[in-house]
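*Asks:* Input structure: structure26.cif, which contains mmCIF, C-alpha atoms.
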```cif
data_data
#
loop_
_atom_site.label_atom_id
_atom_site.label_comp_id
_atom_site.auth_asym_id
_atom_site.auth_seq_id
_atom_site.Cartn_x
_atom_site.Cartn_y
_atom_site.Cartn_z
CA CYS A 12 0.00 0.00 0.00
CA ASN A 13 2.95 2.37 0.54
CA THR A 14 3.96 1.96 -3.11
CA ALA A 15 0.51 2.85 -4.42
CA SER A 16 -0.05 5.78 -2.08
CA THR A 17 3.44 7.24 -2.48
CA ALA A 18 3.29 6.99 -6.28
CA SER A 19 -0.13 8.66 -6.22
CA LEU A 20 1.20 11.53 -4.11
CA VAL A 21 4.24 11.99 -6.38
CA ALA A 22 1.87 12.31 -9.35
CA HIS A 23 -0.48 14.58 -7.39
CA TYR A 24 2.36 17.02 -6.70
CA GLY A 25 3.49 17.09 -10.33
CA GLY A 26 6.08 14.32 -10.49
CA VAL A 27 6.22 11.22 -12.68
CA PRO A 28 6.56 8.11 -10.49
CA LYS A 29 8.57 5.11 -11.67
CA ILE A 30 7.88 2.09 -9.49
CA LEU A 31 10.92 -0.17 -9.06
CA GLY A 32 9.21 -2.82 -6.94
CA ILE A 33 10.04 -4.47 -3.64
CA ALA A 34 13.63 -5.01 -2.57
CA ARG A 35 14.21 -7.93 -0.22
CA ASP A 36 15.94 -7.30 3.09
CA LYS A 37 19.37 -7.96 1.63
CA GLU A 38 22.08 -5.45 0.92
CA ALA A 39 22.62 -6.55 -2.69
CA ALA A 40 18.88 -6.30 -3.47
CA LEU A 41 18.69 -2.78 -2.04
CA ILE A 42 21.77 -1.61 -3.91
CA SER A 43 20.37 -3.03 -7.16
CA LYS A 44 17.06 -1.19 -6.77
CA ILE A 45 18.71 2.11 -5.85
CA ARG A 46 21.08 1.88 -8.81
CA ARG A 47 18.09 1.29 -11.12
CA GLY A 48 16.62 4.59 -9.92
CA ILE A 49 19.83 6.60 -10.15
CA THR A 50 18.74 8.57 -13.23
CA ALA A 51 15.58 9.93 -11.54
CA ASP A 52 15.34 13.32 -9.84
CA ALA A 53 14.82 11.67 -6.44
CA ILE A 54 14.51 8.20 -4.91
CA ILE A 55 11.86 7.36 -2.32
CA THR A 56 11.97 4.16 -0.29
CA SER A 57 9.71 2.96 2.51
CA GLY A 58 10.54 0.58 5.31
CA GLY A 59 13.86 -0.82 6.47
CA VAL A 60 14.96 2.35 8.27
CA SER A 61 14.47 1.41 11.90
CA LYS A 62 16.99 -0.38 14.15
CA GLY A 63 16.16 -4.04 13.47
CA ASP A 64 18.60 -6.64 12.13
CA TYR A 65 17.03 -6.43 8.66
CA ASP A 66 16.64 -2.65 8.53
CA LEU A 67 19.43 -2.13 6.01
CA VAL A 68 18.35 0.94 4.05
CA ARG A 69 20.34 3.44 6.12
CA LEU A 70 23.43 1.20 5.96
CA VAL A 71 23.18 0.94 2.17
CA LEU A 72 22.55 4.67 1.84
CA GLY A 73 25.70 5.34 3.84
CA LYS A 74 27.73 3.01 1.61
CA LEU A 75 26.46 4.53 -1.64
CA GLY A 76 26.56 8.14 -0.48
CA LYS A 77 25.92 10.11 2.68
CA VAL A 78 23.20 9.94 5.33
CA VAL A 79 22.29 13.56 6.12
CA PHE A 80 19.95 12.73 9.03
CA PHE A 81 18.34 9.72 10.66
CA ARG A 82 15.25 9.83 12.89
CA ILE A 83 13.15 12.89 13.66
CA ASN A 84 11.45 13.93 16.87
CA MET A 85 7.94 13.62 15.44
CA GLY A 86 5.50 10.76 15.07
CA PRO A 87 4.26 8.77 13.41
CA GLY A 88 7.27 8.06 11.24
CA ALA A 89 10.10 9.00 13.60
CA GLY A 90 12.24 6.30 11.97
CA VAL A 91 13.06 8.09 8.72
CA ALA A 92 16.31 8.91 6.92
CA PHE A 93 17.47 11.35 4.26
CA GLY A 94 20.64 11.15 2.26
CA VAL A 95 22.31 11.86 -1.05
CA ILE A 96 24.14 9.56 -3.43
CA LYS A 97 26.36 10.45 -6.37
CA ARG A 98 25.38 9.59 -9.91
CA PRO A 99 27.95 8.22 -12.35
CA PRO A 100 29.70 11.19 -14.02
CA VAL A 101 28.29 12.53 -17.28
CA ASN A 102 30.91 14.36 -19.41
CA GLY A 103 33.10 14.44 -16.32
CA VAL A 104 30.44 16.19 -14.22
CA HIS A 105 29.29 14.58 -10.97
CA THR A 106 25.76 15.20 -9.69
CA SER A 107 23.92 13.88 -6.66
CA ILE A 108 20.41 12.57 -6.15
CA PRO A 109 18.36 12.94 -2.94
CA VAL A 110 17.09 9.76 -1.28
CA PHE A 111 14.10 9.90 1.05
CA SER A 112 13.89 6.74 3.14
CA LEU A 113 10.45 6.83 4.72
CA ALA A 114 8.98 4.81 7.56
CA GLY A 115 7.45 1.41 6.87
CA PRO A 116 4.07 1.67 8.64
CA PRO A 117 1.62 3.38 6.24
CA SER A 118 0.66 6.14 8.68
CA GLY A 119 4.30 7.12 9.25
CA CYS A 120 5.22 6.74 5.57
CA LEU A 121 2.54 9.20 4.44
CA ILE A 122 3.23 11.68 7.25
CA ASN A 123 6.92 11.56 6.22
CA PHE A 124 5.87 12.23 2.62
CA GLU A 125 3.69 15.23 3.46
CA THR A 126 6.18 16.82 5.86
CA LEU A 127 9.51 16.00 4.17
CA VAL A 128 9.11 14.83 0.56
CA ARG A 129 6.28 17.10 -0.59
CA PRO A 130 8.12 20.39 0.11
CA ALA A 131 11.26 19.04 -1.57
CA LEU A 132 9.40 17.95 -4.71
CA LEU A 133 7.61 21.30 -4.96
CA LYS A 134 10.88 23.18 -4.51
CA MET A 135 12.49 21.03 -7.23
CA ARG A 136 9.62 22.08 -9.52
CA GLY A 137 10.28 25.77 -8.78
CA VAL A 138 7.25 26.32 -6.53
CA ASP A 139 7.82 29.14 -4.02
CA ASN A 140 5.00 28.55 -1.53
CA LEU A 141 5.69 25.17 0.07
CA ASP A 142 3.28 25.42 2.99
CA HIS A 143 -0.04 23.67 3.32
CA PRO A 144 -2.96 26.06 3.86
CA VAL A 145 -3.61 26.44 7.61
CA VAL A 146 -6.79 27.32 9.48
CA GLU A 147 -7.64 27.55 13.17
CA ALA A 148 -10.31 25.10 14.32
CA THR A 149 -12.17 24.27 17.51
CA VAL A 150 -11.38 20.78 18.79
CA VAL A 151 -14.41 18.46 19.05
CA ASP A 152 -12.76 15.74 21.17
CA SER A 153 -9.57 15.59 23.26
CA ILE A 154 -6.12 14.00 23.46
CA PRO A 155 -5.72 12.05 26.71
CA GLY A 156 -2.48 12.90 28.51
CA VAL A 157 0.56 14.96 27.53
CA MET A 158 2.06 14.42 24.09
CA PRO A 159 5.62 13.08 24.61
CA ILE A 160 6.73 14.21 21.13
CA THR A 161 5.21 16.34 18.39
CA PHE A 162 2.60 14.22 16.63
CA ALA A 163 0.82 14.62 13.31
CA LYS A 164 -2.71 13.24 13.30
CA TYR A 165 -4.99 12.45 10.39
CA THR A 166 -8.08 14.48 11.25
CA ARG A 167 -11.50 15.46 9.96
CA LEU A 168 -12.02 19.20 9.42
CA GLU A 169 -15.47 20.70 8.94
CA GLU A 170 -16.44 24.26 8.08
CA MET A 171 -19.20 25.50 10.34
CA ARG A 172 -21.26 28.68 10.27
CA ASP A 173 -18.94 30.37 12.78
CA GLY A 174 -15.60 28.86 11.73
CA TYR A 175 -13.99 25.42 11.62
CA GLN A 176 -14.13 22.40 13.89
CA VAL A 177 -11.81 19.39 13.85
CA THR A 178 -12.20 15.83 15.09
CA LEU A 179 -8.82 14.51 16.23
CA ASN A 180 -9.44 10.88 17.12
CA ILE A 181 -10.85 9.44 13.91
CA ALA A 182 -8.25 6.63 13.91
CA GLU A 183 -9.46 5.43 17.30
CA LYS A 184 -13.02 5.22 16.01
CA SER A 185 -12.51 3.55 12.63
CA GLY A 186 -8.96 2.16 12.48
CA MET A 187 -5.82 3.71 10.99
CA LEU A 188 -6.25 2.87 7.28
CA VAL A 189 -9.91 3.88 7.20
CA SER A 190 -9.11 7.11 9.03
CA MET A 191 -6.29 7.93 6.61
CA ALA A 192 -8.66 7.45 3.68
CA SER A 193 -11.40 9.58 5.23
CA ALA A 194 -9.17 12.34 6.62
CA ASN A 195 -9.17 15.74 4.95
CA SER A 196 -6.63 17.46 7.20
CA LEU A 197 -3.49 17.00 9.26
CA THR A 198 -3.30 18.44 12.73
CA ILE A 199 0.08 18.92 14.40
CA ILE A 200 -0.11 18.29 18.16
CA PRO A 201 2.94 20.01 19.73
CA GLU A 202 5.24 18.16 22.12
CA GLY A 203 4.23 18.59 25.74
CA SER A 204 0.73 19.85 24.93
CA VAL A 205 -2.60 18.80 26.39
CA VAL A 206 -5.52 19.21 23.98
CA LYS A 207 -9.08 19.34 25.28
CA ALA A 208 -12.47 19.68 23.61
CA GLY A 209 -13.18 23.35 22.97
CA ASP A 210 -9.51 24.29 22.52
CA THR A 211 -8.39 26.06 19.36
CA ILE A 212 -5.72 24.37 17.26
CA LYS A 213 -4.10 24.86 13.85
#
```
Go through the file and emit its structure as C-alpha cells.
*Replies:*
Amino acid sequence: CNTASTASLVAHYGGVPKILGIARDKEAALISKIRRGITADAIITSGGVSKGDYDLVRLVLGKLGKVVFFRINMGPGAGVAFGVIKRPPVNGVHTSIPVFSLAGPPSGCLINFETLVRPALLKMRGVDNLDHPVVEATVVDSIPGVMPITFAKYTRLEEMRDGYQVTLNIAEKSGMLVSMASANSLTIIPEGSVVKAGDTIK
C-alpha cells in the first residue's frame, strides 16, 4: 500500500513516479534497486529504516553516499532517513540525487511524505510557496495525557457557520487505514501539549 499511495502523491504534486518494486531485506537487493533509480530526480523508499537486524536501508545509503539525518522527533514516522548519493559522471560532471527513506508503517510513511518529501518535490519544480494552507479550528474531542513528542494526526475538518471544527481521534473510532482514507486534514499536536475539547488548534 505504501507503493501505491506514495506513487499517487508523487503524481499529485506534479512528479512522474517510476515504481521499481520491492527489494528484499538484503544489501545486494537494495543496492540493485537504488542503482536502477539513479537517473531519476529523487529516490523514495519505505521501510527498512528502523533499528532491526534487517533494517538495512540506512546502511546501504551510507555506503552509496551520505546519510544527512536519521530519525526525527515527530510521530508517526520518527524512523526516517534522508541522504544523497552520487550519480555516475556525465561528461566528467558529478551530480547527486536525494534519497528519502520513509517509515514502513503506512501512517508514518505518508506523514513523512507530506512533511519531508512534498516540500522538496515542490521546490524542485520551482514552486515558491511550500506550505499547506492552515486554518484555526475548535477541537471536538480531546487527546488524553501529555504528548511526549510532536505528533501529526490524520483528522477530519469541517467548516461550520462560525468557523472550523476538527475531530482529532478518527483513527481510534474507525482504524488507521480507514481514518487515513477519510481524513481531509493533518493536525500537528505540539510536544508537551494537552488538547481538550473546545480548545483552538491549527
*Asks:* Fewer than 3 positions away in the same chain doesn't count, so skip those; otherwise give me all residues within 9 Å of Thr17 in chain A, counting all atoms listed in the file, as an NGL selection string.
*Replies:* :A and (12-14 or 20-22 or 28 or 55 or 120-121 or 124)
*Asks:* Would you mind telling me which residue in A:Gly63, A:Pro99, A:Pro117, A:Gly48 lies nearest to Tyr165 in chain A when using all atoms listed in the file?
*Replies:*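 That would be A:Pro117, the residue with the smallest distance to Tyr165 in chain A.
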*Asks:* Please measure the separation of CA of Ile160 in chain A and CA of Lys62 in chain A, giving the value in Å to one decimal.
*Replies:*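 The value is 19.2 Å.
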*Asks:* Mind checking which residues fall within 12 Å of Gly58 in chain A, counting all atoms listed in the file, ignoring those fewer than 5 positions away in the same chain, and posting them as a VMD selection string?
*Replies:* chain A and resid 12 to 14 33 to 36 41 63 65 to 69 88 to 92 111 to 121 123
*Asks:* Could you jot down the CA of Thr166 in chain A to CA of Lys213 in chain A separation for me, Å, one decimal place?
*Replies:* 11.4 Å
*Asks:* Using CA of Arg82 in chain A and CA of Ile30 in chain A as the two end points, give the distance in Å to one decimal.
*Replies:*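 Distance reported for this atom pair: 24.8 Å.
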*Asks:* Can you list what the PyMOL selection byres ((chain A and resi 191) around 10) grabs from this structure, as a ChimeraX atom specification?
*Replies:* /A:117-118,121,164-167,181-182,185-190,192-197
*Asks:* What do you get, as a list of chain:residue names, if you spell out every residue that the PyMOL selection byres ((chain A and resi 54) around 8) selects here?
*Replies:* A:Ile45, A:Gly48, A:Ile49, A:Ala51, A:Asp52, A:Ala53, A:Ile55, A:Thr56, A:Ile108, A:Pro109, A:Val110, A:Phe111
*Asks:* Here's the selection I'm unsure about, the PyMOL selection byres ((chain A and resi 149-153) around 9); applied to the file above, which residues does it give, as a compact mmCIF listing (two decimals) with C-alpha atoms, keeping the file's coordinate frame?
*Replies:*
```txt
# COMPACT_ATOMS: atom_id res chain seq x y z
CA GLU A 147 -7.64 27.55 13.17
CA ALA A 148 -10.31 25.10 14.32
CA ILE A 154 -6.12 14.00 23.46
CA PRO A 155 -5.72 12.05 26.71
CA GLY A 174 -15.60 28.86 11.73
CA TYR A 175 -13.99 25.42 11.62
CA GLN A 176 -14.13 22.40 13.89
CA VAL A 177 -11.81 19.39 13.85
CA THR A 178 -12.20 15.83 15.09
CA LEU A 179 -8.82 14.51 16.23
CA ASN A 180 -9.44 10.88 17.12
CA VAL A 205 -2.60 18.80 26.39
CA VAL A 206 -5.52 19.21 23.98
CA LYS A 207 -9.08 19.34 25.28
CA ALA A 208 -12.47 19.68 23.61
CA GLY A 209 -13.18 23.35 22.97
CA ASP A 210 -9.51 24.29 22.52
CA THR A 211 -8.39 26.06 19.36
CA ILE A 212 -5.72 24.37 17.26
CA LYS A 213 -4.10 24.86 13.85
```
*Asks:* Hey, could you patch up range 99-135 of chain A with N, CA and C atoms and hand it over as a compact mmCIF listing (two decimals), in the frame of the given file?
*Replies:*
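Contents of selection.txt, as written:
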```txt
# COMPACT_ATOMS: atom_id res chain seq x y z
N PRO A 99 26.74 8.36 -11.51
CA PRO A 99 27.95 8.22 -12.35
C PRO A 99 28.18 9.52 -13.13
N PRO A 100 29.42 9.91 -13.33
CA PRO A 100 29.70 11.19 -14.02
C PRO A 100 29.21 11.19 -15.47
N VAL A 101 28.68 12.32 -15.89
CA VAL A 101 28.29 12.53 -17.28
C VAL A 101 29.15 13.66 -17.82
N ASN A 102 29.97 13.38 -18.87
CA ASN A 102 30.91 14.36 -19.41
C ASN A 102 31.82 14.92 -18.31
N GLY A 103 32.19 14.05 -17.39
CA GLY A 103 33.10 14.44 -16.32
C GLY A 103 32.45 15.22 -15.18
N VAL A 104 31.14 15.41 -15.25
CA VAL A 104 30.44 16.19 -14.22
C VAL A 104 29.70 15.23 -13.28
N HIS A 105 29.97 15.38 -11.99
CA HIS A 105 29.29 14.58 -10.97
C HIS A 105 28.06 15.33 -10.45
N THR A 106 26.95 14.64 -10.33
CA THR A 106 25.76 15.20 -9.69
C THR A 106 25.27 14.22 -8.64
N SER A 107 24.45 14.73 -7.73
CA SER A 107 23.92 13.88 -6.66
C SER A 107 22.41 13.80 -6.76
N ILE A 108 21.85 12.77 -6.16
CA ILE A 108 20.41 12.57 -6.15
C ILE A 108 19.94 12.40 -4.70
N PRO A 109 18.86 13.10 -4.30
CA PRO A 109 18.36 12.94 -2.94
C PRO A 109 17.62 11.61 -2.78
N VAL A 110 17.78 11.01 -1.61
CA VAL A 110 17.09 9.76 -1.28
C VAL A 110 16.30 9.96 0.00
N PHE A 111 14.99 9.80 -0.10
CA PHE A 111 14.10 9.90 1.05
C PHE A 111 13.73 8.48 1.47
N SER A 112 14.18 8.08 2.64
CA SER A 112 13.89 6.74 3.14
C SER A 112 12.83 6.86 4.23
N LEU A 113 11.58 6.58 3.84
CA LEU A 113 10.45 6.83 4.72
C LEU A 113 10.15 5.63 5.59
N ALA A 114 9.36 5.86 6.62
CA ALA A 114 8.98 4.81 7.56
C ALA A 114 8.19 3.72 6.85
N GLY A 115 8.17 2.53 7.44
CA GLY A 115 7.45 1.41 6.87
C GLY A 115 5.95 1.40 7.14
N PRO A 116 5.52 1.65 8.39
CA PRO A 116 4.07 1.67 8.64
C PRO A 116 3.39 2.74 7.78
N PRO A 117 2.25 2.43 7.16
CA PRO A 117 1.62 3.38 6.24
C PRO A 117 1.37 4.76 6.84
N SER A 118 0.94 4.83 8.09
CA SER A 118 0.66 6.14 8.68
C SER A 118 1.93 6.98 8.74
N GLY A 119 3.03 6.39 9.18
CA GLY A 119 4.30 7.12 9.25
C GLY A 119 4.85 7.45 7.88
N CYS A 120 4.72 6.52 6.94
CA CYS A 120 5.22 6.74 5.57
C CYS A 120 4.56 7.98 4.96
N LEU A 121 3.24 8.08 5.08
CA LEU A 121 2.54 9.20 4.44
C LEU A 121 2.74 10.51 5.17
N ILE A 122 2.88 10.46 6.51
CA ILE A 122 3.23 11.68 7.25
C ILE A 122 4.63 12.14 6.83
N ASN A 123 5.58 11.20 6.71
CA ASN A 123 6.92 11.56 6.22
C ASN A 123 6.83 12.21 4.85
N PHE A 124 5.99 11.67 3.97
CA PHE A 124 5.87 12.23 2.62
C PHE A 124 5.36 13.67 2.69
N GLU A 125 4.29 13.89 3.41
CA GLU A 125 3.69 15.23 3.46
C GLU A 125 4.62 16.26 4.09
N THR A 126 5.37 15.84 5.13
CA THR A 126 6.18 16.82 5.86
C THR A 126 7.60 16.97 5.31
N LEU A 127 8.12 15.94 4.64
CA LEU A 127 9.51 16.00 4.17
C LEU A 127 9.64 15.95 2.65
N VAL A 128 8.94 15.01 2.00
CA VAL A 128 9.11 14.83 0.56
C VAL A 128 8.35 15.90 -0.23
N ARG A 129 7.10 16.14 0.14
CA ARG A 129 6.28 17.10 -0.59
C ARG A 129 6.97 18.46 -0.77
N PRO A 130 7.47 19.09 0.31
CA PRO A 130 8.12 20.39 0.11
C PRO A 130 9.34 20.31 -0.81
N ALA A 131 10.07 19.19 -0.72
CA ALA A 131 11.26 19.04 -1.57
C ALA A 131 10.86 18.92 -3.04
N LEU A 132 9.84 18.11 -3.33
CA LEU A 132 9.40 17.95 -4.71
C LEU A 132 8.89 19.27 -5.28
N LEU A 133 8.12 20.01 -4.48
CA LEU A 133 7.61 21.30 -4.96
C LEU A 133 8.75 22.28 -5.21
N LYS A 134 9.73 22.28 -4.33
CA LYS A 134 10.88 23.18 -4.51
C LYS A 134 11.66 22.80 -5.76
N MET A 135 11.80 21.50 -6.02
CA MET A 135 12.49 21.03 -7.23
C MET A 135 11.75 21.46 -8.49
```
